[in-house]
file target-v1.txt (compact mmCIF, C-alpha atoms)
# COMPACT_ATOMS: atom_id res chain seq x y z
CA MET A 1 -4.63 150.15 57.91
CA ILE A 2 -4.30 146.38 57.41
CA TYR A 3 -6.43 143.80 59.22
CA PHE A 4 -6.58 140.00 59.36
CA ILE A 5 -9.23 137.40 60.12
CA ALA A 6 -9.73 133.70 59.30
CA ASP A 7 -12.41 131.07 59.63
CA THR A 8 -15.45 133.31 59.46
CA HIS A 9 -17.52 130.43 58.00
CA PHE A 10 -20.38 132.80 57.14
CA GLY A 11 -23.69 130.96 56.87
CA ASP A 12 -22.41 127.68 58.30
CA GLU A 13 -24.67 126.27 61.04
CA ARG A 14 -22.26 123.39 61.68
CA ILE A 15 -19.42 125.66 62.80
CA LEU A 16 -21.52 126.75 65.79
CA ARG A 17 -21.45 123.20 67.13
CA TYR A 18 -17.96 122.22 65.96
CA GLU A 19 -16.29 125.22 67.57
CA ASN A 20 -18.75 126.02 70.36
CA ARG A 21 -19.38 129.47 68.95
CA PRO A 22 -21.53 131.61 71.27
CA PHE A 23 -24.35 132.27 68.80
CA ASP A 24 -27.89 130.85 68.58
CA SER A 25 -27.81 130.49 64.79
CA ALA A 26 -25.66 131.09 61.73
CA ASP A 27 -27.77 134.19 61.00
CA ALA A 28 -27.03 135.59 64.47
CA MET A 29 -23.33 134.78 64.02
CA ASP A 30 -23.25 136.45 60.61
CA ARG A 31 -24.97 139.60 61.91
CA GLU A 32 -22.49 139.87 64.80
CA LEU A 33 -19.43 139.23 62.60
CA ILE A 34 -20.66 141.86 60.13
CA ARG A 35 -21.30 144.37 62.93
CA ARG A 36 -17.88 143.86 64.52
CA TRP A 37 -16.11 143.97 61.15
CA ASN A 38 -17.83 147.18 60.01
CA GLU A 39 -17.27 148.90 63.37
CA THR A 40 -13.54 148.11 63.13
CA VAL A 41 -12.63 148.38 59.45
CA SER A 42 -12.97 151.57 57.40
CA PRO A 43 -13.73 151.60 53.66
CA GLU A 44 -10.09 152.54 52.96
CA ASP A 45 -8.60 149.66 54.97
CA THR A 46 -7.31 146.33 53.66
CA VAL A 47 -8.43 143.00 55.12
CA TYR A 48 -6.69 139.70 54.48
CA VAL A 49 -9.07 136.79 55.01
CA LEU A 50 -6.91 133.75 55.71
CA GLY A 51 -9.36 131.15 54.53
CA ASP A 52 -12.72 129.53 55.18
CA TRP A 53 -14.85 132.50 54.20
CA GLY A 54 -18.29 130.90 53.92
CA LYS A 55 -21.40 132.14 52.15
CA LEU A 56 -21.70 135.91 52.27
CA SER A 57 -21.16 138.70 49.81
CA PRO A 58 -17.91 140.51 50.72
CA ALA A 59 -19.65 143.69 49.54
CA LEU A 60 -21.53 143.75 52.89
CA LEU A 61 -18.22 144.36 54.68
CA ARG A 62 -16.01 147.42 54.69
CA GLY A 63 -12.51 147.55 53.25
CA ARG A 64 -10.62 146.06 50.33
CA LYS A 65 -10.65 142.29 50.86
CA TYR A 66 -8.10 139.65 49.82
CA LEU A 67 -8.79 135.94 50.23
CA ILE A 68 -6.11 133.33 50.81
CA LYS A 69 -8.17 130.23 50.21
CA GLY A 70 -8.74 127.67 52.92
CA ASN A 71 -9.90 124.07 52.79
CA HIS A 72 -13.58 125.14 52.76
CA ASP A 73 -13.15 127.72 49.98
CA THR A 74 -14.09 125.47 47.07
CA LEU A 75 -15.23 127.91 44.39
CA ASP A 76 -12.87 128.93 41.60
CA ASN A 77 -10.91 132.15 42.12
CA ARG A 78 -12.91 134.08 39.54
CA SER A 79 -16.12 133.37 41.48
CA TYR A 80 -14.61 134.88 44.62
CA ARG A 81 -13.38 137.92 42.66
CA ASP A 82 -16.85 138.29 41.14
CA MET A 83 -18.27 138.23 44.69
CA GLY A 84 -16.12 141.23 45.61
CA PHE A 85 -12.66 140.09 46.68
CA ALA A 86 -9.90 142.27 45.22
CA GLU A 87 -7.75 139.17 44.73
CA VAL A 88 -7.77 135.48 45.62
CA TYR A 89 -4.76 133.26 46.28
CA ASP A 90 -4.43 129.48 46.26
CA LEU A 91 -1.00 129.53 47.92
CA PRO A 92 0.50 131.45 50.86
CA VAL A 93 1.42 135.09 50.30
CA ILE A 94 4.52 136.87 51.59
CA LEU A 95 3.75 140.33 52.97
CA GLU A 96 6.55 142.85 53.56
CA GLU A 97 9.20 140.17 52.86
CA PHE A 98 8.67 138.69 56.35
CA TRP A 99 5.06 137.69 57.05
CA LEU A 100 3.84 134.41 55.57
CA LEU A 101 0.05 134.58 55.17
CA SER A 102 -1.59 131.16 54.96
CA HIS A 103 -4.73 129.34 55.92
CA GLN A 104 -3.05 126.40 57.65
CA PRO A 105 -0.10 126.94 59.99
CA LEU A 106 3.28 126.68 58.29
CA TYR A 107 6.45 125.33 59.82
CA VAL A 108 8.60 128.26 60.92
CA CYS A 109 11.57 127.71 63.24
CA GLU A 110 13.54 130.32 65.17
CA ASN A 111 16.32 130.25 62.56
CA MET A 112 14.00 131.25 59.72
CA PRO A 113 13.59 134.94 58.88
CA TYR A 114 9.79 134.71 58.71
CA ALA A 115 6.67 134.80 60.83
CA ASN A 116 3.42 133.06 59.91
CA LEU A 117 -0.09 134.50 60.19
CA PHE A 118 -2.70 131.76 59.81
CA GLY A 119 -6.12 130.40 60.72
CA HIS A 120 -7.55 126.89 60.34
CA VAL A 121 -6.97 125.71 63.93
CA HIS A 122 -9.81 127.77 65.44
CA ALA A 123 -9.55 127.55 69.25
CA SER A 124 -7.61 124.28 69.40
CA PRO A 125 -5.52 124.12 72.58
CA LEU A 126 -2.78 122.39 70.57
CA TYR A 127 -1.79 125.80 69.17
CA LYS A 128 -0.85 129.00 70.96
CA THR A 129 -2.50 132.18 69.76
CA PHE A 130 0.91 133.70 69.08
CA SER A 131 4.65 133.39 69.58
CA SER A 132 7.61 135.38 68.35
CA GLN A 133 7.09 133.84 64.89
CA HIS A 134 3.41 133.13 64.48
CA TYR A 135 -0.06 134.54 65.08
CA CYS A 136 -3.36 132.71 64.71
CA VAL A 137 -6.18 134.93 63.44
CA SER A 138 -9.00 132.37 63.61
CA ALA A 139 -12.19 134.26 64.45
CA GLU A 140 -12.54 132.52 67.84
CA ARG A 141 -9.13 133.82 68.95
CA ILE A 142 -9.67 137.45 67.99
CA ASP A 143 -13.13 137.96 69.44
CA TYR A 144 -14.78 137.50 66.01
CA THR A 145 -13.34 140.88 64.96
CA PRO A 146 -10.62 141.61 62.40
CA VAL A 147 -7.33 142.28 64.19
CA SER A 148 -5.01 145.03 63.01
CA PHE A 149 -1.53 144.35 61.72
CA ASP A 150 -0.25 146.90 64.27
CA ALA A 151 -1.82 144.95 67.16
CA ILE A 152 -0.33 141.70 65.86
CA ARG A 153 3.13 143.23 65.69
CA GLN A 154 2.78 144.71 69.19
CA HIS A 155 1.66 141.40 70.69
CA ILE A 156 4.44 139.46 69.05
CA GLN A 157 7.05 142.03 70.11
CA ALA A 158 5.75 142.38 73.67
CA LYS A 159 4.71 138.73 74.02
CA LEU A 160 1.54 139.81 75.77
CA PRO A 161 -1.72 137.85 75.60
CA PHE A 162 -4.34 139.13 73.19
CA GLY A 163 -8.08 139.25 73.73
CA HIS A 164 -10.15 136.31 74.90
CA GLY A 165 -8.44 133.60 72.86
CA SER A 166 -4.94 133.68 74.34
call {"tool": "encode", "arguments": {"input": "target-v1.txt", "output": "structure tokens"}}
result
Amino acid sequence: MIYFIADTHFGDERILRYENRPFDSADAMDRELIRRWNETVSPEDTVYVLGDWGKLSPALLRGRKYLIKGNHDTLDNRSYRDMGFAEVYDLPVILEEFWLLSHQPLYVCENMPYANLFGHVHASPLYKTFSSQHYCVSAERIDYTPVSFDAIRQHIQAKLPFGHGS
């Protein structure tokens, strides 16, 4: 199974204040993110992290992990691979010839044959969680839990709200 998440910001105390995250400390946030991740993802699954990882060994989390770097991911790609990511990308990735995976939202209009999965905007009310051609997987929008590719497709197709961040 394939999962997505963005903007985990592991170890970052400032993100609690900036995004009004419901945790008392970065340690408490990290423990909860790890718990939710490992309860959802199996060792055989794949997880695309769409930027802003933070400071945590990916080895603590289940699944094969790919990082599409965000604006806070400042180490070189080899460092992230040495930490445990299967691969690291500086630019957006195209998955299944349709899904554009990026950290920041990309411009996609209704005449384009693509949909964009992204993070970066956290819970900003300026962006919808999803439409027929995009889905935001910022941690705040997906209950701090990796969301499955199947659930994303179902929500986009059915145009139903998802979780607490819709």
call {"tool": "closest_residue", "arguments": {"input": "target-v1.txt", "among": "A:Pro105, A:Val47, A:Asn111, A:Asp30", "to": "Leu16 (chain A)", "atoms": "all atoms listed in the file"}}
result
A:Asp30
call {"tool": "closest_residue", "arguments": {"input": "target-v1.txt", "among": "A:Cys136, A:Ile2, A:Ala86, A:Ile142", "to": "Leu117 (chain A)", "atoms": "all atoms listed in the file"}}
result
A:Cys136
call {"tool": "closest_residue", "arguments": {"input": "target-v1.txt", "among": "A:Thr145, A:Asn77, A:Gln133, A:Gln154", "to": "Tyr107 (chain A)", "atoms": "only C-alpha atoms"}}
result
A:Gln133
call {"tool": "closest_residue", "arguments": {"input": "target-v1.txt", "among": "A:Arg14, A:Lys128, A:His134, A:Lys55", "to": "Thr74 (chain A)", "atoms": "all atoms listed in the file"}}
result
A:Lys55
call {"tool": "axis_aligned_box", "arguments": {"input": "target-v1.txt", "around": "region 38-50 of chain A", "padding_each_side": "5 Å", "output": "JSON"}}
result
{"center_x": -12.3, "center_y": 143.1, "center_z": 58.2, "size_x": 21.1, "size_y": 28.8, "size_z": 20.4}
call {"tool": "closest_residue", "arguments": {"input": "target-v1.txt", "among": "A:Asp82, A:Arg35, A:Phe4, A:Ser132", "to": "Glu110 (chain A)", "atoms": "all atoms listed in the file"}}
result
A:Ser132
call {"tool": "closest_atom_pairs", "arguments": {"input": "target-v1.txt", "of": "region 13-58 of chain A", "to": "region 62-72 of chain A", "cutoff": "8 Å", "atoms": "only C-alpha atoms", "output": "Markdown table"}}
result
| residue | atom | partner | partner_atom | distance |
| --- | --- | --- | --- | --- |
| A:Trp37 | CA | A:Arg62 | CA | 7.3 |
| A:Asn38 | CA | A:Arg62 | CA | 5.6 |
| A:Val41 | CA | A:Arg62 | CA | 5.9 |
| A:Ser42 | CA | A:Gly63 | CA | 5.8 |
| A:Pro43 | CA | A:Gly63 | CA | 4.2 |
| A:Glu44 | CA | A:Gly63 | CA | 5.6 |
| A:Asp45 | CA | A:Gly63 | CA | 4.8 |
| A:Thr46 | CA | A:Arg64 | CA | 4.7 |
| A:Val47 | CA | A:Lys65 | CA | 4.9 |
| A:Tyr48 | CA | A:Tyr66 | CA | 4.9 |
| A:Val49 | CA | A:Leu67 | CA | 4.9 |
| A:Leu50 | CA | A:Ile68 | CA | 5.0 |
| A:Gly51 | CA | A:Gly70 | CA | 3.9 |
| A:Asp52 | CA | A:Gly70 | CA | 4.9 |
| A:Trp53 | CA | A:His72 | CA | 7.6 |
| A:Gly54 | CA | A:His72 | CA | 7.5 |
| A:Pro58 | CA | A:Lys65 | CA | 7.5 |
call {"tool": "residues_around", "arguments": {"input": "target-v1.txt", "residues": "His122 (chain A)", "least_positions_apart": "3", "cutoff": "9 Å", "atoms": "only C-alpha atoms", "output": "number ranges by chain"}}
result
A: 6-7, 19, 119, 136-141
call {"tool": "closest_residue", "arguments": {"input": "target-v1.txt", "among": "A:Leu106, A:Ile156, A:Ala123, A:Leu100", "to": "Asp143 (chain A)", "atoms": "only C-alpha atoms"}}
result
A:Ala123
call {"tool": "atom_distance", "arguments": {"input": "target-v1.txt", "atom1": "CA of Met83 (chain A)", "atom2": "CA of Tyr18 (chain A)"}}
result
26.6 Å
call {"tool": "atom_distance", "arguments": {"input": "target-v1.txt", "atom1": "CA of Asp90 (chain A)", "atom2": "CA of Asp27 (chain A)"}}
result
28.0 Å
call {"tool": "atom_distance", "arguments": {"input": "target-v1.txt", "atom1": "CA of Tyr3 (chain A)", "atom2": "CA of Arg21 (chain A)"}}
result
21.6 Å
